[in-house]
Amino acid sequence: MAKWSEQSLEQTARLKMLKVRGCSYSSVTCNDLCNVADLFRAAAEASPHHILKLYKANGSVVNISPMLEPNSQDSYYRLEVVASDLQSIGVKSDVDNMESRLCHLETKVQQDAGNTPEIIDNLKSQVESFKRKLESVKHLSWMGLFRDESPQQLSKFPAKAKGLQLNIEEEHREVRKKFLNMSSLRVIEEVRQQLKTPMFDNWQWEEPEMLVLLQVMFTDLDFLTVFHIEVDVLQNFLFEVYCHYNNIPFHNFQHCFCVTQMMYGLIWLTDIWSKLDPMDLLILLTSALCHDLDHPGYSNVYQINAQTDLALRYNDISPLENHHCAVAFGILAKEESNILKHVTTEQYKHIRAGMIRCILATDMARHNEILNKFKSVQPVFDFRNKDHTEVLMKIMVKVSDISNEARPMAVAEPWLDCLLQEFFNQGDAEKLKGLPVTPFMDRDKVSKPSSQTSFIRFVLLPLFTEITKLFPCLEQHILEPVRRALEYYSDLERATQQEAAAAVANKP
Ligand code: 5GP
Ligand code: MN
């Protein structure tokens with residue numbers, strides 16, 4: 001699938017070429033490791049506002065931290081100042097200034113000499129290439145590298161901020177129009193059936209179509225009748241949910257759709273719709289839909305280490321999941337999108353508590369706690385026991401959330417590209433800010449096979465095996481495809497290792 005190819009991963013890697021000023025260090029020894037960053041800053045004559053990047057001799061980026069290994073003549077470090085005085089300069093506008101000064105100079109030289117000297121052409125192409133590199137790291141704009149697009153700057157230029165906002169609003173309006181136009185069409189039976197299995201291919205569908213399919217899920221589970229939901233309120237709710245997902249590589253509206261569709265599949269495949277209260281079914285589907293609302297693309301670990309507003313607001317306790325849930329109830333607080341407006345107070349309390357439980361359970365930091373609880377009730381599982389159904393519901397949301405590898409390879413693999421793209425964006429940001437680099441997000445250490453073999457072995461298989469004990473029919477639907485994916489990525493990992501070993505052996 002061209003739109004999610006490896007190219008997009010490479011684009012972010014170009015950040016490494018961003019070089020304002022370069023300097024090489026053949027030997028750095030530092031006894032006082034606490035001051036290592038200051039030492040480098042002083043050596044580079046950089047101010048506290050400069051951002052430094054350190055590279056190994058092989059070109060990989062090293063985190064400047066007290067853990068930095070001393071180096072030698074053979075394993076020298078290279079230091080670069082990659083951006084300067086972010087608070088007051090603004091890299092992009094500087095490049096724009098430089099470009100206009102060059103144009104001015106070119107005109108003047110042309111007038112005096114009659115032609116453009118080669119040196120001016122060279123300078124122009126350097127400025128052009130620097131601008132292209134800046135474009136390729138736009139995902140880091142929130143760090144202030146692009147002063148004219150950072151939130152603070154946008155607030156100083158209301159017209160520009162308004163322009164960007166208008167683009168998004170225009171796009172949303174277009175999606176809403178198409179969604180409403182299509183929603184009266186009948187979705188064919190074949191699609192309705194596919195929608196109930198993990199074989200469904202999300203990549204074939206546009207956003208307005210996905211909204212229609214979500215409407216089908218709510219309708220076919222009979223929620224409109226049971227909870228007296230008006231069609232236009234459901235449509236407003238779904239549209240608001242769509243608007244509150246961000247345009248980021250992985251945790252976007254497509255991911256929300258996939259998780260909800262997998263939940264819908266599980267509900268039908270396991271026949272659980274005949275065993276649970278309709279309120280619990282509504283909790284399951286709505287939690288899946290809302291579970292990553294307004295995800296910023298940077299994990300809880302990042303939020304906590306960078307002391308972001310979310311971490312401060314939620315005292316470092318599942319800041320993202322608390323936020324997703326709060327945004328969901330913000331949408332439900334609006335009369336026109338409140339699908340719960342006709343339920344009783346008691347029902348509302350039950351649904352709200354259930355959704356909070358299910359969404360907070362998607363914090364992977366709680367994975368073992370929840371899986372162990374499920375394992376402990378498994379041998380005596382009873383659908384009439386509230387404790388048992390509550391943990392089962394958490395497990396179902398978790399299974400849906402991390403179920404990409406249960407899908408056909410052609411559907412699952414592009415999702416992995418998206419996930420790694422988001423991971424590597426975070427790894428880059430952590431390096432730039434001098435924060436601890438999340439190991440599985442470091443582009444210098446992680447590959448597709450290495451990422452998947454451990455995730456499947458240690459997270460997916462134990463979880464999917466446990467739910468399959470309760471619902472044996474899931475063996476063919478989710479467990480077998482995941483085993484096949486493990487085989488595929490293990491083969492790939494072995495081949496990569498053999499290739500690397502052969503390359504070392506062939507070195508003269
Ligand atoms: P989410 O952030 O989507 O609510 O929680 C799921 C988390 O599980 C993701 O952020 C990611 O860290 C991890 N995850 C989900 N699917 C995969 C996968 O296919 N491979 C790997 N390596 N991690 C995954
Ligand atoms: Mn998710």
# chains A, B, ... in the order shown; residues from 1 in each chain; ligands from 1
>>> residues_around(residues="A:Ala333", least_positions_apart="6", cutoff="12 Å", atoms="only C-alpha atoms", output="VMD selection string")
chain A and resid 237 240 326 to 327 339 to 341 348 352
>>> residues_around(residues="stretch 485-491 of chain A", least_positions_apart="3", cutoff="6 Å", atoms="only C-alpha atoms", output="list in words")
Pro449, Thr453, Val482 and Arg494 of chain A
>>> select_by_dssp(residues="stretch 255-297 of chain A", states="alpha helix (DSSP H)", output="PyMOL selection string")
chain A and resi 255-269+278-290
>>> residues_near_ligand(ligand="ligand 2", cutoff="12 Å", atoms="only C-alpha atoms and all ligand atoms", output="MDAnalysis selection string")
chainID A and resid 245 250:260 262 287:295 297 299 320:321 324 358:364 397:404 415 419
>>> closest_residue(among="A:Phe223, A:Phe471, A:Phe458, A:Phe383", to="A:Leu276", atoms="only C-alpha atoms")
A:Phe383
>>> residues_around(residues="A:Arg483", least_positions_apart="2", cutoff="10 Å", atoms="only C-alpha atoms", output="PyMOL selection string")
chain A and resi 405-406+456-457+460-461+478-481+485-488
>>> write_last_selection(atoms="N, CA, C and O atoms", output="short mmCIF file (atom, residue, chain, number, x, y, z; two decimals), in the first residue's frame")
data_model
loop_
_atom_site.label_atom_id
_atom_site.label_comp_id
_atom_site.auth_asym_id
_atom_site.auth_seq_id
_atom_site.Cartn_x
_atom_site.Cartn_y
_atom_site.Cartn_z
N GLU A 405 -2.38 -7.65 14.42
CA GLU A 405 -1.72 -8.85 13.90
C GLU A 405 -2.68 -10.03 13.74
O GLU A 405 -2.29 -11.06 13.19
N ALA A 406 -3.92 -9.89 14.21
CA ALA A 406 -4.91 -10.96 13.99
C ALA A 406 -5.57 -10.79 12.62
O ALA A 406 -6.38 -11.61 12.20
N ILE A 456 4.56 -10.07 19.91
CA ILE A 456 3.65 -11.22 19.74
C ILE A 456 3.92 -12.28 20.82
O ILE A 456 2.99 -12.79 21.45
N ARG A 457 5.20 -12.60 21.04
CA ARG A 457 5.53 -13.64 22.03
C ARG A 457 5.08 -13.27 23.43
O ARG A 457 4.46 -14.07 24.12
N LEU A 460 0.89 -10.51 22.86
CA LEU A 460 -0.29 -10.98 22.14
C LEU A 460 -0.65 -12.43 22.44
O LEU A 460 -1.80 -12.73 22.79
N LEU A 461 0.32 -13.35 22.30
CA LEU A 461 -0.03 -14.77 22.48
C LEU A 461 -0.57 -15.06 23.89
O LEU A 461 -1.62 -15.71 24.01
N ILE A 478 -8.45 -15.41 15.77
CA ILE A 478 -7.39 -14.47 16.20
C ILE A 478 -6.08 -15.15 16.59
O ILE A 478 -5.01 -14.59 16.36
N LEU A 479 -6.17 -16.37 17.17
CA LEU A 479 -4.93 -17.00 17.64
C LEU A 479 -4.08 -17.51 16.48
O LEU A 479 -2.87 -17.28 16.43
N GLU A 480 -4.72 -18.21 15.54
CA GLU A 480 -3.94 -18.77 14.42
C GLU A 480 -3.28 -17.68 13.57
O GLU A 480 -2.09 -17.79 13.25
N PRO A 481 -4.00 -16.62 13.18
CA PRO A 481 -3.32 -15.58 12.39
C PRO A 481 -2.13 -14.97 13.14
O PRO A 481 -1.11 -14.65 12.53
N ALA A 485 1.75 -14.82 12.02
CA ALA A 485 2.51 -13.56 11.98
C ALA A 485 3.84 -13.74 12.72
O ALA A 485 4.88 -13.23 12.27
N LEU A 486 3.80 -14.48 13.83
CA LEU A 486 5.05 -14.71 14.59
C LEU A 486 6.04 -15.49 13.74
O LEU A 486 7.23 -15.16 13.71
N GLU A 487 5.53 -16.51 13.03
CA GLU A 487 6.41 -17.30 12.16
C GLU A 487 7.04 -16.39 11.09
O GLU A 487 8.24 -16.44 10.84
N TYR A 488 6.18 -15.57 10.48
CA TYR A 488 6.64 -14.68 9.40
C TYR A 488 7.73 -13.74 9.91
O TYR A 488 8.81 -13.62 9.31
#
>>> closest_residue(among="A:Gly330, A:Pro198, A:Pro296, A:Gly354", to="A:Ala412", atoms="only C-alpha atoms")
A:Pro198
>>> residues_around(residues="A:Leu392", least_positions_apart="5", cutoff="12 Å", atoms="only C-alpha atoms", output="ChimeraX atom specification")
/A:272,276,280-281,284,354,357-358,361,370-378,381-383,385-387,397-399,463,466-468,470-471
>>> write_last_selection(atoms="C-alpha atoms", output="PDB file, in the first residue's frame")
ATOM      1  CA  ILE A 272     -21.519 -12.684  23.823  1.00  0.00           C
ATOM      2  CA  LEU A 276     -24.324  -9.841  28.406  1.00  0.00           C
ATOM      3  CA  ASP A 280     -22.608  -3.825  28.694  1.00  0.00           C
ATOM      4  CA  LEU A 281     -22.602  -4.298  24.916  1.00  0.00           C
ATOM      5  CA  LEU A 284     -17.939  -2.312  24.913  1.00  0.00           C
ATOM      6  CA  GLY A 354     -18.199   0.825  32.634  1.00  0.00           C
ATOM      7  CA  ARG A 357     -13.186   1.135  33.532  1.00  0.00           C
ATOM      8  CA  CYS A 358     -12.764  -0.126  29.956  1.00  0.00           C
ATOM      9  CA  ALA A 361      -7.826  -0.553  31.123  1.00  0.00           C
ATOM     10  CA  ILE A 370      -5.557  -7.120  34.232  1.00  0.00           C
ATOM     11  CA  LEU A 371      -4.432 -10.325  32.517  1.00  0.00           C
ATOM     12  CA  ASN A 372      -3.586 -11.944  35.875  1.00  0.00           C
ATOM     13  CA  LYS A 373      -6.996 -11.020  37.280  1.00  0.00           C
ATOM     14  CA  PHE A 374      -8.650 -12.586  34.210  1.00  0.00           C
ATOM     15  CA  LYS A 375      -6.522 -15.741  34.574  1.00  0.00           C
ATOM     16  CA  SER A 376      -7.600 -16.047  38.204  1.00  0.00           C
ATOM     17  CA  VAL A 377     -11.355 -16.034  37.397  1.00  0.00           C
ATOM     18  CA  GLN A 378     -11.048 -18.061  34.183  1.00  0.00           C
ATOM     19  CA  PHE A 381     -15.953 -17.996  34.994  1.00  0.00           C
ATOM     20  CA  ASP A 382     -19.608 -17.120  35.536  1.00  0.00           C
ATOM     21  CA  PHE A 383     -21.489 -14.610  33.351  1.00  0.00           C
ATOM     22  CA  ASN A 385     -20.807 -12.697  38.415  1.00  0.00           C
ATOM     23  CA  LYS A 386     -20.248  -8.917  38.076  1.00  0.00           C
ATOM     24  CA  ASP A 387     -16.561  -9.199  38.987  1.00  0.00           C
ATOM     25  CA  VAL A 397     -11.297  -3.901  24.854  1.00  0.00           C
ATOM     26  CA  LYS A 398      -7.615  -4.737  25.277  1.00  0.00           C
ATOM     27  CA  VAL A 399      -7.777  -7.576  22.735  1.00  0.00           C
ATOM     28  CA  LEU A 463      -3.501 -12.519  26.049  1.00  0.00           C
ATOM     29  CA  GLU A 466      -6.386 -16.684  27.650  1.00  0.00           C
ATOM     30  CA  ILE A 467      -9.482 -15.277  25.906  1.00  0.00           C
ATOM     31  CA  THR A 468      -9.519 -18.323  23.596  1.00  0.00           C
ATOM     32  CA  LEU A 470     -13.212 -18.895  27.365  1.00  0.00           C
ATOM     33  CA  PHE A 471     -14.241 -18.705  23.689  1.00  0.00           C
TER      34      PHE A 471
END
>>> closest_residue(among="A:Ala43, A:Ile168, A:Arg484, A:Met441", to="A:Glu80", atoms="only C-alpha atoms")
A:Ala43
>>> closest_residue(among="A:Lys334, A:His388, A:Lys469, A:His323", to="ligand 1", atoms="only C-alpha atoms and all ligand atoms")
A:His323
>>> residues_around(residues="A:Val212", least_positions_apart="6", cutoff="10 Å", atoms="only C-alpha atoms", output="count of residues only")
12
>>> closest_residue(among="A:Ile188, A:Tyr302, A:Lys275, A:Ala505", to="A:Asp428", atoms="only C-alpha atoms")
A:Tyr302
>>> atom_distance(atom1="atom CA of A:Asp442", atom2="atom CA of A:Gly427")
5.0 Å
>>> residues_around(residues="A:Gly265", least_positions_apart="2", cutoff="10 Å", atoms="only C-alpha atoms", output="list in words")
Gln193, Gln194, Leu195, Lys196, Thr197, Pro198, Met199, Phe200, Met217, Val259, Thr260, Gln261, Met262, Met263, Ile267, Trp268, Leu269, Thr270, Asp271, Ser400 and His477 of chain A
>>> write_last_selection(atoms="N, CA, C and O atoms", output="CSV table (one decimal), in the first residue's frame")
chain,number,residue,atom,x,y,z
A,193,GLN,N,-21.6,-8.8,6.7
A,193,GLN,CA,-21.0,-10.0,7.2
A,193,GLN,C,-19.5,-9.9,7.4
A,193,GLN,O,-19.0,-10.3,8.5
A,194,GLN,N,-18.8,-9.3,6.4
A,194,GLN,CA,-17.4,-9.1,6.6
A,194,GLN,C,-17.0,-8.2,7.8
A,194,GLN,O,-16.0,-8.4,8.5
A,195,LEU,N,-18.0,-7.3,8.1
A,195,LEU,CA,-17.8,-6.4,9.2
A,195,LEU,C,-17.7,-7.1,10.6
A,195,LEU,O,-17.2,-6.6,11.6
A,196,LYS,N,-18.3,-8.4,10.5
A,196,LYS,CA,-18.3,-9.2,11.8
A,196,LYS,C,-17.1,-10.1,11.9
A,196,LYS,O,-17.1,-11.0,12.8
A,197,THR,N,-16.1,-9.9,11.1
A,197,THR,CA,-14.9,-10.8,11.2
A,197,THR,C,-13.6,-10.0,11.2
A,197,THR,O,-13.6,-8.9,10.7
A,198,PRO,N,-12.5,-10.6,11.7
A,198,PRO,CA,-11.2,-9.9,11.7
A,198,PRO,C,-10.6,-9.8,10.2
A,198,PRO,O,-9.6,-9.2,10.1
A,199,MET,N,-11.3,-10.4,9.2
A,199,MET,CA,-10.8,-10.3,7.9
A,199,MET,C,-11.1,-9.0,7.2
A,199,MET,O,-10.5,-8.7,6.1
A,200,PHE,N,-11.9,-8.2,7.9
A,200,PHE,CA,-12.3,-6.9,7.3
A,200,PHE,C,-11.1,-6.0,6.9
A,200,PHE,O,-10.2,-5.9,7.8
A,217,MET,N,-23.0,-0.7,12.7
A,217,MET,CA,-22.7,-1.5,13.9
A,217,MET,C,-23.7,-1.1,15.1
A,217,MET,O,-24.3,-2.0,15.7
A,259,VAL,N,-10.4,-0.8,15.9
A,259,VAL,CA,-10.6,-1.3,17.2
A,259,VAL,C,-12.1,-1.6,17.4
A,259,VAL,O,-12.5,-2.6,18.0
A,260,THR,N,-12.9,-0.6,17.0
A,260,THR,CA,-14.4,-0.8,17.1
A,260,THR,C,-14.9,-1.9,16.3
A,260,THR,O,-15.7,-2.7,16.7
A,261,GLN,N,-14.3,-2.0,15.1
A,261,GLN,CA,-14.8,-3.1,14.2
A,261,GLN,C,-14.4,-4.5,14.8
A,261,GLN,O,-15.1,-5.5,14.7
A,262,MET,N,-13.2,-4.6,15.4
A,262,MET,CA,-12.7,-5.8,16.0
A,262,MET,C,-13.6,-6.2,17.2
A,262,MET,O,-14.1,-7.3,17.3
A,263,MET,N,-14.0,-5.2,17.9
A,263,MET,CA,-14.9,-5.4,19.1
A,263,MET,C,-16.3,-5.9,18.5
A,263,MET,O,-16.8,-6.9,19.1
A,267,ILE,N,-18.0,-9.5,19.5
A,267,ILE,CA,-19.3,-9.6,20.0
A,267,ILE,C,-20.1,-10.6,19.3
A,267,ILE,O,-20.8,-11.5,19.9
A,268,TRP,N,-20.0,-10.7,17.9
A,268,TRP,CA,-20.8,-11.6,17.1
A,268,TRP,C,-20.1,-13.0,17.2
A,268,TRP,O,-20.8,-14.0,17.4
A,269,LEU,N,-18.8,-13.1,17.0
A,269,LEU,CA,-18.1,-14.4,16.9
A,269,LEU,C,-18.3,-15.2,18.2
A,269,LEU,O,-18.4,-16.4,18.2
A,270,THR,N,-18.3,-14.5,19.4
A,270,THR,CA,-18.3,-15.2,20.6
A,270,THR,C,-19.7,-15.4,21.1
A,270,THR,O,-19.9,-16.0,22.2
A,271,ASP,N,-20.7,-14.8,20.4
A,271,ASP,CA,-22.1,-14.9,20.8
A,271,ASP,C,-22.3,-14.2,22.2
A,271,ASP,O,-23.3,-14.4,22.8
A,400,SER,N,-9.2,-6.0,21.4
A,400,SER,CA,-9.5,-5.3,20.2
A,400,SER,C,-8.4,-4.2,19.9
A,400,SER,O,-8.1,-4.0,18.8
A,477,HIS,N,-9.9,-17.5,14.6
A,477,HIS,CA,-10.1,-16.1,14.1
A,477,HIS,C,-9.0,-15.2,14.6
A,477,HIS,O,-8.7,-14.3,13.9
>>> closest_residue(among="A:Ala311, A:Met279, A:Val301, A:Leu285", to="A:Ile351", atoms="only C-alpha atoms")
A:Met279
>>> residues_around(residues="A:Val61", least_positions_apart="3", cutoff="8 Å", atoms="only C-alpha atoms", output="PyMOL selection string")
chain A and resi 53-56+431+444
>>> write_last_selection(atoms="all heavy atoms", output="compact mmCIF listing (two decimals), in the first residue's frame")
# COMPACT_ATOMS: atom_id res chain seq x y z
N LYS A 53 22.98 17.61 19.14
CA LYS A 53 22.80 16.18 18.86
C LYS A 53 24.18 15.54 18.78
O LYS A 53 25.11 16.12 18.24
CB LYS A 53 22.05 15.95 17.54
CG LYS A 53 20.58 16.16 17.68
CD LYS A 53 19.84 15.68 16.47
CE LYS A 53 19.38 14.27 16.62
NZ LYS A 53 18.52 13.84 15.51
N LEU A 54 24.27 14.32 19.35
CA LEU A 54 25.54 13.63 19.39
C LEU A 54 25.41 12.35 18.58
O LEU A 54 24.42 11.62 18.71
CB LEU A 54 25.85 13.30 20.85
CG LEU A 54 27.27 12.83 21.14
CD1 LEU A 54 28.27 13.95 20.87
CD2 LEU A 54 27.38 12.41 22.62
N TYR A 55 26.40 12.09 17.72
CA TYR A 55 26.37 10.90 16.87
C TYR A 55 27.57 10.01 17.18
O TYR A 55 28.65 10.50 17.50
CB TYR A 55 26.46 11.27 15.39
CG TYR A 55 25.34 12.15 14.92
CD1 TYR A 55 25.44 13.53 15.01
CD2 TYR A 55 24.18 11.59 14.37
CE1 TYR A 55 24.40 14.35 14.57
CE2 TYR A 55 23.14 12.40 13.92
CZ TYR A 55 23.27 13.78 14.03
OH TYR A 55 22.25 14.57 13.60
N LYS A 56 27.35 8.68 17.04
CA LYS A 56 28.49 7.76 17.11
C LYS A 56 29.20 7.80 15.77
O LYS A 56 28.67 8.33 14.80
CB LYS A 56 27.98 6.33 17.34
CG LYS A 56 27.60 6.06 18.77
CD LYS A 56 27.29 4.58 18.91
CE LYS A 56 26.79 4.27 20.30
NZ LYS A 56 26.13 3.00 20.39
N LYS A 431 15.29 12.15 22.02
CA LYS A 431 16.72 12.42 21.85
C LYS A 431 16.97 13.93 21.81
O LYS A 431 17.89 14.45 22.43
CB LYS A 431 17.24 11.76 20.57
CG LYS A 431 17.38 10.26 20.70
CD LYS A 431 17.72 9.61 19.37
CE LYS A 431 17.64 8.11 19.47
NZ LYS A 431 17.76 7.44 18.17
N ASP A 444 17.26 3.66 15.88
CA ASP A 444 18.58 3.05 15.69
C ASP A 444 18.65 1.64 16.24
O ASP A 444 19.62 0.93 16.03
CB ASP A 444 19.66 3.91 16.35
CG ASP A 444 19.73 5.29 15.73
OD1 ASP A 444 19.70 5.37 14.49
OD2 ASP A 444 19.77 6.27 16.49
